[in-house]
>>> print(open('final_9.txt').read())   # compact mmCIF, C-alpha atoms
# COMPACT_ATOMS: atom_id res chain seq x y z
CA MET H 1 90.86 -34.26 -21.10
CA GLN H 2 89.19 -37.70 -20.91
CA LYS H 3 91.50 -40.56 -20.13
CA ILE H 4 91.23 -43.66 -22.36
CA THR H 5 90.90 -47.01 -20.59
CA PRO H 6 93.82 -49.20 -21.63
CA GLN H 7 93.10 -52.46 -23.44
CA THR H 8 95.19 -55.48 -24.26
CA GLN H 9 96.29 -56.09 -27.86
CA PHE H 10 94.22 -59.27 -27.84
CA GLU H 11 91.08 -57.98 -26.13
CA SER H 12 88.58 -60.15 -28.00
CA GLN H 13 90.53 -63.32 -27.14
CA ARG H 14 90.87 -62.16 -23.53
CA LEU H 15 87.13 -61.57 -23.21
CA ALA H 16 86.42 -64.98 -24.77
CA SER H 17 88.76 -66.60 -22.26
CA LEU H 18 87.04 -64.78 -19.38
CA GLU H 19 83.63 -65.88 -20.66
CA SER H 20 84.76 -69.53 -20.74
CA TYR H 21 85.09 -69.54 -16.93
CA LYS H 22 81.46 -68.46 -16.37
CA MET H 23 82.47 -66.63 -13.19
CA MET H 24 81.00 -63.16 -13.72
CA ASP H 25 78.06 -62.36 -11.41
CA THR H 26 78.31 -65.64 -9.52
CA ALA H 27 77.54 -65.93 -5.82
CA PRO H 28 80.23 -65.47 -3.12
CA GLU H 29 82.25 -68.59 -2.33
CA ALA H 30 84.15 -69.38 0.84
CA ASP H 31 87.32 -70.51 -0.96
CA PHE H 32 87.73 -67.12 -2.64
CA GLU H 33 86.70 -65.20 0.51
CA LYS H 34 89.51 -66.87 2.46
CA LEU H 35 92.07 -65.88 -0.16
CA VAL H 36 91.17 -62.17 -0.08
CA GLN H 37 91.21 -62.24 3.72
CA LEU H 38 94.72 -63.71 3.61
CA ALA H 39 95.83 -61.06 1.13
CA SER H 40 94.46 -58.30 3.38
CA GLU H 41 96.18 -59.71 6.47
CA ILE H 42 99.52 -60.43 4.77
CA CYS H 43 99.73 -56.99 3.17
CA GLY H 44 98.22 -55.11 6.13
CA THR H 45 95.58 -53.36 4.02
CA PRO H 46 91.92 -52.70 4.89
CA ILE H 47 90.78 -53.65 1.37
CA ALA H 48 91.52 -56.72 -0.74
CA LEU H 49 89.71 -57.80 -3.89
CA ILE H 50 89.49 -60.53 -6.50
CA THR H 51 88.44 -58.66 -9.62
CA LEU H 52 87.38 -59.82 -13.07
CA VAL H 53 87.49 -57.25 -15.86
CA ASP H 54 85.17 -57.47 -18.85
CA ASP H 55 84.54 -54.92 -21.60
CA THR H 56 82.61 -52.43 -19.43
CA ARG H 57 83.36 -53.05 -15.75
CA GLN H 58 85.46 -54.64 -13.08
CA TRP H 59 83.40 -57.03 -11.00
CA PHE H 60 84.45 -58.29 -7.56
CA LYS H 61 84.24 -62.04 -7.09
CA SER H 62 85.34 -61.62 -3.48
CA LYS H 63 86.08 -58.55 -1.39
CA VAL H 64 87.19 -57.36 2.02
CA GLY H 65 86.61 -53.78 3.19
CA LEU H 66 84.46 -52.65 0.25
CA GLU H 67 80.67 -52.51 -0.08
CA VAL H 68 80.14 -52.17 -3.85
CA ASN H 69 80.17 -55.21 -6.15
CA GLN H 70 81.61 -53.53 -9.24
CA THR H 71 82.92 -50.30 -10.71
CA PRO H 72 83.09 -48.96 -14.30
CA LYS H 73 86.07 -50.19 -16.27
CA GLU H 74 87.26 -46.65 -16.96
CA GLN H 75 87.78 -46.16 -13.21
CA ALA H 76 89.43 -49.54 -12.64
CA PHE H 77 93.06 -49.66 -11.51
CA CYS H 78 92.95 -53.34 -12.44
CA ALA H 79 92.31 -52.46 -16.10
CA HIS H 80 95.82 -50.98 -16.06
CA THR H 81 97.32 -53.96 -14.25
CA ILE H 82 96.16 -56.53 -16.80
CA VAL H 83 97.85 -54.68 -19.67
CA ASP H 84 101.17 -54.49 -17.82
CA SER H 85 103.56 -57.04 -19.33
CA SER H 86 105.02 -57.77 -15.89
CA GLY H 87 101.62 -58.88 -14.58
CA PHE H 88 102.07 -56.58 -11.57
CA MET H 89 101.29 -52.95 -10.85
CA GLN H 90 101.94 -51.01 -7.64
CA ILE H 91 100.93 -47.39 -6.98
CA ARG H 92 102.44 -45.93 -3.80
CA ASP H 93 100.26 -42.78 -3.81
CA ALA H 94 97.53 -42.51 -6.44
CA ARG H 95 96.96 -38.83 -5.55
CA THR H 96 100.27 -37.95 -7.18
CA ASP H 97 99.92 -40.31 -10.18
CA LEU H 98 98.68 -38.54 -13.33
CA ARG H 99 96.76 -41.65 -14.40
CA PHE H 100 94.68 -41.77 -11.23
CA SER H 101 94.81 -38.42 -9.42
CA ASN H 102 91.37 -37.38 -10.76
CA ASN H 103 89.83 -40.85 -10.53
CA PRO H 104 86.53 -40.82 -8.55
CA LEU H 105 87.77 -43.83 -6.60
CA VAL H 106 90.68 -41.65 -5.42
CA THR H 107 88.92 -38.31 -4.92
CA SER H 108 85.95 -39.90 -3.12
CA ALA H 109 85.03 -43.21 -1.47
CA PRO H 110 86.78 -45.54 -1.08
CA ASN H 111 89.60 -42.88 -1.27
CA ILE H 112 92.26 -45.11 -2.77
CA VAL H 113 95.83 -44.04 -2.09
CA PHE H 114 97.86 -47.25 -2.26
CA TYR H 115 97.16 -50.01 -4.79
CA ALA H 116 98.97 -53.24 -5.68
CA GLY H 117 97.57 -55.83 -8.08
CA ILE H 118 98.69 -59.18 -9.54
CA SER H 119 97.17 -60.31 -12.85
CA LEU H 120 95.14 -63.51 -12.81
CA LEU H 121 96.43 -65.43 -15.82
CA ALA H 122 94.34 -68.15 -17.44
CA GLN H 123 95.95 -71.31 -18.81
CA ASP H 124 95.96 -69.72 -22.26
CA GLY H 125 97.95 -66.77 -20.87
CA MET H 126 95.06 -64.30 -20.98
CA PRO H 127 94.78 -61.87 -18.01
CA LEU H 128 91.25 -62.11 -16.64
CA GLY H 129 91.47 -59.73 -13.70
CA THR H 130 93.53 -59.32 -10.56
CA LEU H 131 94.10 -60.10 -6.96
CA CYS H 132 94.66 -56.63 -5.48
CA VAL H 133 95.11 -54.87 -2.15
CA ILE H 134 94.20 -51.25 -1.38
CA ASP H 135 94.94 -48.79 1.42
CA ARG H 136 94.02 -45.21 2.20
CA VAL H 137 97.59 -44.21 3.09
CA PRO H 138 100.83 -44.35 1.05
CA LYS H 139 102.45 -47.76 1.17
CA GLU H 140 104.79 -50.23 -0.59
CA LEU H 141 104.80 -54.02 -0.47
CA THR H 142 107.87 -55.80 0.80
CA ASP H 143 109.42 -58.54 -1.30
CA ARG H 144 107.91 -61.15 1.01
CA GLN H 145 104.45 -59.61 0.70
CA LEU H 146 104.77 -59.46 -3.08
CA ASN H 147 105.81 -63.13 -3.27
CA ALA H 148 102.88 -64.05 -1.03
CA MET H 149 100.51 -62.11 -3.32
CA LYS H 150 101.82 -64.02 -6.36
CA ILE H 151 101.22 -67.33 -4.59
CA LEU H 152 97.70 -66.29 -3.61
CA ALA H 153 96.96 -65.16 -7.17
CA LYS H 154 97.92 -68.62 -8.43
CA GLN H 155 95.60 -70.13 -5.85
CA VAL H 156 92.77 -67.92 -7.10
CA MET H 157 93.35 -69.21 -10.64
CA ALA H 158 93.58 -72.79 -9.39
CA GLN H 159 90.12 -72.41 -7.85
CA MET H 160 88.78 -70.89 -11.06
CA GLU H 161 90.30 -73.67 -13.17
CA LEU H 162 88.78 -76.27 -10.85
CA ARG H 163 85.32 -74.77 -11.24
CA LYS H 164 85.74 -74.56 -15.00
CA GLN H 165 86.70 -78.24 -15.16
CA LEU H 166 83.80 -79.24 -12.91
CA ALA H 167 81.40 -77.27 -15.10
CA GLY H 168 82.85 -79.02 -18.14
CA LEU H 169 82.38 -82.42 -16.51
CA LYS H 170 78.79 -81.58 -15.60
CA GLU H 171 78.10 -80.58 -19.19
CA LEU H 172 79.79 -83.73 -20.47
CA ASN H 173 77.76 -85.86 -18.07
CA LYS H 174 74.62 -84.13 -19.27
CA GLN H 175 75.51 -84.83 -22.90
CA LEU H 176 76.37 -88.45 -22.08
CA SER H 177 73.07 -88.85 -20.25
CA GLU H 178 71.19 -87.43 -23.23
CA THR H 179 73.14 -89.68 -25.59
CA ASN H 180 72.44 -92.73 -23.45
CA GLU H 181 68.73 -91.92 -23.37
CA PHE H 182 68.72 -91.53 -27.15
CA MET H 183 70.65 -94.78 -27.65
CA GLN H 184 68.25 -96.64 -25.35
CA ARG H 185 65.26 -95.33 -27.30
CA PHE H 186 67.03 -96.17 -30.55
CA ALA H 187 67.92 -99.68 -29.33
CA THR H 188 64.33 -100.33 -28.28
CA THR H 189 62.99 -99.17 -31.64
CA ALA H 190 65.66 -101.00 -33.62
CA ALA H 191 65.10 -104.21 -31.64
CA HIS H 192 61.37 -104.00 -32.32
CA ASP H 193 61.96 -103.34 -36.03
CA ILE H 194 64.41 -106.25 -36.30
CA LYS H 195 62.52 -108.79 -34.20
CA ASN H 196 59.28 -108.43 -36.18
CA PRO H 197 60.75 -109.64 -39.50
CA LEU H 198 62.79 -112.25 -37.60
CA SER H 199 59.56 -113.59 -36.14
CA ASN H 200 58.12 -113.76 -39.63
CA ILE H 201 61.23 -115.58 -40.87
CA SER H 202 61.02 -118.06 -38.00
CA LEU H 203 57.32 -118.66 -38.61
CA SER H 204 57.89 -119.13 -42.34
CA ALA H 205 60.78 -121.52 -41.65
CA GLU H 206 58.64 -123.57 -39.26
CA LEU H 207 55.84 -123.82 -41.83
CA LEU H 208 58.38 -124.75 -44.50
CA ILE H 209 59.86 -127.45 -42.23
CA ARG H 210 56.42 -129.02 -41.75
CA HIS H 211 55.87 -129.00 -45.51
CA LEU H 212 59.29 -130.51 -46.23
CA LYS H 213 58.80 -133.22 -43.61
CA LYS H 214 55.56 -134.27 -45.32
CA ASN H 215 57.40 -134.47 -48.65
CA ASN H 216 60.44 -136.23 -47.13
CA ASP H 217 62.75 -133.54 -48.58
CA ASP H 218 65.76 -134.11 -46.33
CA LYS H 219 68.04 -131.69 -48.20
CA GLY H 220 65.51 -128.87 -48.13
CA LEU H 221 64.73 -129.71 -44.50
CA LYS H 222 68.39 -129.26 -43.59
CA PHE H 223 68.51 -125.76 -45.14
CA ALA H 224 65.21 -124.79 -43.53
CA ASN H 225 66.42 -125.88 -40.08
CA THR H 226 69.64 -123.93 -40.59
CA ASN H 227 67.63 -120.79 -41.41
CA LEU H 228 65.34 -121.31 -38.43
CA ASN H 229 68.25 -121.79 -36.00
CA ALA H 230 70.03 -118.73 -37.40
CA ALA H 231 66.89 -116.62 -36.99
CA LYS H 232 66.49 -117.81 -33.39
CA HIS H 233 70.15 -117.07 -32.59
CA LEU H 234 69.83 -113.60 -34.10
CA ALA H 235 66.61 -112.93 -32.20
CA LYS H 236 68.32 -113.90 -28.93
CA LEU H 237 71.30 -111.69 -29.78
CA VAL H 238 68.99 -108.73 -30.42
CA SER H 239 67.20 -109.37 -27.11
CA ASP H 240 70.51 -109.62 -25.24
CA MET H 241 71.88 -106.45 -26.80
CA LEU H 242 68.65 -104.61 -26.01
CA ALA H 243 68.85 -105.75 -22.39
CA TYR H 244 72.46 -104.58 -22.19
CA SER H 245 71.61 -101.17 -23.69
CA LEU H 246 68.92 -100.69 -21.02
CA ARG H 247 70.91 -102.14 -18.13
CA PRO H 248 74.69 -102.03 -18.79
CA GLU H 249 75.39 -103.55 -15.37
CA ILE H 250 74.21 -106.96 -16.61
CA LEU H 251 77.48 -107.21 -18.52
CA THR H 252 79.34 -107.81 -15.26
CA GLN H 253 76.49 -109.59 -13.45
CA ASN H 254 75.01 -112.17 -15.81
CA HIS H 255 77.89 -114.64 -15.98
CA HIS H 256 77.45 -118.35 -16.50
CA SER H 257 79.53 -121.34 -17.53
CA PHE H 258 79.40 -122.65 -21.11
CA PRO H 259 81.53 -124.88 -23.38
CA ILE H 260 84.01 -122.85 -25.42
CA ILE H 261 83.96 -124.95 -28.58
CA ASN H 262 80.15 -124.89 -28.86
CA PHE H 263 80.16 -121.17 -28.18
CA LEU H 264 82.74 -120.47 -30.92
CA GLN H 265 80.89 -122.59 -33.46
CA LYS H 266 77.70 -120.66 -32.70
CA VAL H 267 79.53 -117.35 -33.14
CA VAL H 268 80.98 -118.47 -36.48
CA SER H 269 77.50 -119.52 -37.65
CA MET H 270 76.34 -115.92 -37.10
CA ILE H 271 78.99 -114.46 -39.43
CA THR H 272 78.76 -114.42 -43.21
CA MET H 273 81.76 -116.51 -44.24
CA PRO H 274 83.32 -116.32 -47.71
CA LYS H 275 84.10 -119.73 -49.19
CA ASN H 276 87.88 -119.28 -48.85
CA VAL H 277 87.83 -118.94 -45.02
CA GLU H 278 89.27 -121.76 -42.91
CA ILE H 279 88.89 -121.62 -39.12
CA SER H 280 90.62 -123.91 -36.63
CA TYR H 281 89.26 -124.22 -33.09
CA PRO H 282 90.84 -124.96 -29.72
CA GLU H 283 90.57 -128.41 -28.18
CA ASN H 284 87.19 -129.67 -27.05
CA GLY H 285 86.13 -129.95 -23.42
CA LEU H 286 87.09 -126.42 -22.25
CA HIS H 287 84.54 -124.30 -20.37
CA ILE H 288 84.51 -120.64 -19.39
CA THR H 289 82.44 -118.63 -16.90
CA THR H 290 81.81 -115.09 -18.08
CA SER H 291 79.26 -112.91 -19.87
CA GLU H 292 78.33 -114.80 -23.02
CA ILE H 293 76.95 -111.74 -24.80
CA ALA H 294 80.13 -109.75 -24.13
CA LEU H 295 82.40 -112.58 -25.32
CA GLN H 296 80.16 -113.00 -28.33
CA GLN H 297 80.66 -109.38 -29.33
CA LEU H 298 84.43 -109.70 -28.85
CA PHE H 299 84.74 -112.69 -31.16
CA ILE H 300 82.33 -111.34 -33.78
CA ASN H 301 84.47 -108.22 -34.02
CA LEU H 302 87.84 -109.97 -34.11
CA LEU H 303 86.75 -112.69 -36.55
CA THR H 304 85.02 -110.20 -38.83
CA ASN H 305 88.18 -108.07 -38.95
CA ALA H 306 90.30 -111.14 -39.69
CA ILE H 307 88.07 -111.91 -42.67
CA ARG H 308 87.75 -108.32 -43.92
CA TYR H 309 91.44 -107.48 -43.82
CA ASN H 310 92.78 -110.57 -45.56
CA ASP H 311 94.28 -110.62 -49.06
CA LYS H 312 95.34 -114.28 -49.22
CA GLN H 313 93.88 -116.94 -51.50
CA THR H 314 92.88 -118.86 -48.38
CA CYS H 315 91.97 -116.86 -45.28
CA CYS H 316 93.27 -118.88 -42.33
CA ILE H 317 92.07 -118.06 -38.82
CA LYS H 318 93.31 -119.99 -35.82
CA ILE H 319 91.57 -119.68 -32.44
CA SER H 320 93.63 -120.93 -29.50
CA CYS H 321 92.71 -121.16 -25.85
CA ALA H 322 94.73 -121.80 -22.68
CA GLN H 323 93.49 -121.80 -19.11
CA ASN H 324 94.88 -121.68 -15.59
CA GLU H 325 93.47 -120.87 -12.17
CA MET H 326 93.79 -117.13 -12.79
CA HIS H 327 92.37 -116.63 -16.26
CA THR H 328 91.43 -117.90 -19.69
CA GLN H 329 93.63 -116.71 -22.54
CA PHE H 330 92.39 -116.58 -26.13
CA ILE H 331 94.51 -115.99 -29.23
CA VAL H 332 92.90 -115.11 -32.57
CA GLU H 333 95.55 -115.45 -35.26
CA ASP H 334 95.15 -114.70 -38.96
CA ASN H 335 97.26 -114.56 -42.12
CA GLY H 336 95.91 -111.19 -43.24
CA ILE H 337 97.49 -107.93 -44.34
CA GLY H 338 98.96 -107.17 -40.90
CA ILE H 339 99.38 -103.92 -38.98
CA ALA H 340 102.40 -101.60 -38.96
CA ASN H 341 104.41 -101.51 -35.71
CA ASN H 342 103.79 -97.79 -35.19
CA GLU H 343 100.02 -98.39 -35.27
CA LEU H 344 99.83 -101.24 -32.75
CA GLU H 345 99.48 -98.99 -29.69
CA ARG H 346 96.65 -96.88 -31.07
CA ILE H 347 94.32 -99.27 -32.89
CA PHE H 348 92.26 -99.74 -29.70
CA ASP H 349 91.68 -95.99 -29.28
CA ARG H 350 88.27 -94.53 -30.06
CA ASN H 351 87.69 -93.51 -33.70
CA VAL H 352 91.17 -94.57 -34.83
CA THR H 353 91.29 -95.95 -38.37
CA LEU H 354 94.30 -97.00 -40.43
CA ASN H 355 92.91 -95.52 -43.67
CA GLN H 356 92.67 -98.97 -45.23
CA SER H 357 89.78 -100.45 -47.18
CA ASP H 358 88.87 -104.07 -46.55
CA ARG H 359 88.44 -106.83 -49.13
CA PHE H 360 84.88 -105.60 -49.69
CA LYS H 361 86.09 -102.02 -50.39
CA GLN H 362 84.60 -100.79 -47.11
CA SER H 363 86.36 -98.45 -44.67
CA SER H 364 86.49 -98.96 -40.91
CA THR H 365 84.69 -96.62 -38.49
CA GLY H 366 87.35 -97.12 -35.82
CA ILE H 367 84.70 -98.13 -33.28
CA GLY H 368 85.05 -101.92 -33.20
CA LEU H 369 88.44 -102.49 -31.56
CA HIS H 370 87.79 -99.70 -29.08
CA THR H 371 84.59 -101.51 -28.08
CA VAL H 372 86.55 -104.75 -27.74
CA ARG H 373 88.95 -103.12 -25.30
CA VAL H 374 86.13 -101.48 -23.31
CA LEU H 375 84.21 -104.77 -23.06
CA LEU H 376 87.32 -106.59 -21.85
CA GLU H 377 88.02 -103.91 -19.26
CA LYS H 378 84.44 -104.30 -18.00
CA LEU H 379 85.11 -108.03 -17.66
CA GLY H 380 88.40 -107.36 -15.86
CA GLY H 381 90.53 -108.53 -18.78
CA LYS H 382 92.98 -106.99 -21.22
CA ILE H 383 94.01 -107.31 -24.85
CA SER H 384 97.19 -106.89 -26.89
CA VAL H 385 98.18 -107.43 -30.50
CA GLU H 386 101.24 -108.67 -32.36
CA SER H 387 101.49 -108.21 -36.09
CA GLU H 388 103.73 -108.23 -39.13
CA LEU H 389 102.83 -106.51 -42.37
CA THR H 390 101.76 -108.93 -45.15
CA LYS H 391 102.05 -111.88 -42.72
CA GLY H 392 99.11 -111.43 -40.35
CA SER H 393 98.12 -110.52 -36.78
CA ARG H 394 97.68 -112.19 -33.38
CA PHE H 395 95.15 -110.72 -30.96
CA ILE H 396 95.76 -112.01 -27.43
CA PHE H 397 93.25 -111.37 -24.68
CA THR H 398 92.57 -112.72 -21.22
CA ILE H 399 89.42 -113.03 -19.13
CA PRO H 400 89.85 -113.58 -15.38
CA SER H 401 88.45 -116.71 -13.80
CA PRO H 402 85.69 -116.20 -11.21
CA ASN H 403 86.81 -116.13 -7.59
>>> encode(input="final_9.txt", output="structure tokens")
Amino acid sequence: MQKITPQTQFESQRLASLESYKMMDTAPEADFEKLVQLASEICGTPIALITLVDDTRQWFKSKVGLEVNQTPKEQAFCAHTIVDSSGFMQIRDARTDLRFSNNPLVTSAPNIVFYAGISLLAQDGMPLGTLCVIDRVPKELTDRQLNAMKILAKQVMAQMELRKQLAGLKELNKQLSETNEFMQRFATTAAHDIKNPLSNISLSAELLIRHLKKNNDDKGLKFANTNLNAAKHLAKLVSDMLAYSLRPEILTQNHHSFPIINFLQKVVSMITMPKNVEISYPENGLHITTSEIALQQLFINLLTNAIRYNDKQTCCIKISCAQNEMHTQFIVEDNGIGIANNELERIFDRNVTLNQSDRFKQSSTGIGLHTVRVLLEKLGGKISVESELTKGSRFIFTIPSPN
């Protein structure tokens, strides 16, 4: 009568868990070899194995005292161990056990008599295989040997988990590298596509300025100069952002000193401002040394949010600045819709949105404030927020002074 190989009640999930470790048919590794050698020495057995059991076979990741690399699942003692709810199976003499007495591994080489196995449990609880010891004479493990086997089995799984995590990190790094390459190509193409019409706008504005000068049209000349300056600022911003996308390290390298009030006025000129927006600036005469492009992105994001999420008749934004030897502190305060207390800790997380539409009926992507926090961390600074619903918000961030 043919014996049926036992299977777990959740065999498909178990096999999927085993597959996730990508360990089957991998090369020998010293860390696993040492563990089976310890098991053999502690238990006093000539054979010790780390086995992984799939749907057709048991494969030996590491082995002592055995030449073959795998055996059919229907012959595997370990296939019985992994279905045992205790996670442990011990056979004193397989020759007298009805389950194994006719097993080819018992009746011929390697002539198994004694067997003891501990299930290797994945983090999801699935048994993947065993750490087992084998002898050719009847035997029983002592309590101390059994405890040592359990410890070694956990060490086997710890090594497997480590390799799984490293493989995951390698795959993530590969995906990030591919994404970065794509974003760099995209940034280059986008910059080219944007700068061409900007060049045309600048050229047209310059021609218009010459024409208006000839006609002494001071009012038209003022508007034309404003358009030309805006186009030049935008072209520089595109160039700076392209440079950063190609060489992110410039964010922490290209620092220079510039006047804060002039910088803020330039940033505000780059934002489309509704007529009801009033902005107050810090006192004149303050300077800061940092990455201008990074600080520019910070303020564009914070000021844009202050405008978008404001329901008052007059949108009031106050920018404050205080400095000491250690850092420069900025506060961007608005009278907008505010943020609930339970949301304050998570608004800087990636892809977090508060499910609110702005005054233009647009929804947030959840990218902006996360980028603000990342940029500040790159600069060595930090950001926090205080807010009260219906009253407004205060974003407070610091940038360290250069040494």
>>> atom_distance(input="final_9.txt", atom1="CA of Val156 in chain H", atom2="CA of Gln175 in chain H")
28.9 Å
>>> closest_residue(input="final_9.txt", among="H:Ile396, H:Ile91, H:Ile293, H:Ile151", to="Thr328 in chain H", atoms="only C-alpha atoms")
H:Ile396
>>> closest_residue(input="final_9.txt", among="H:Gln159, H:Gln7, H:Ser204, H:Gln13", to="Leu35 in chain H", atoms="only C-alpha atoms")
H:Gln159
>>> atom_distance(input="final_9.txt", atom1="CA of Arg144 in chain H", atom2="CA of Phe88 in chain H")
14.6 Å
>>> residues_around(input="final_9.txt", residues="Leu52 in chain H", least_positions_apart="3", cutoff="6 Å", atoms="only C-alpha atoms", output="number ranges by chain")
H: 58-59, 128-129
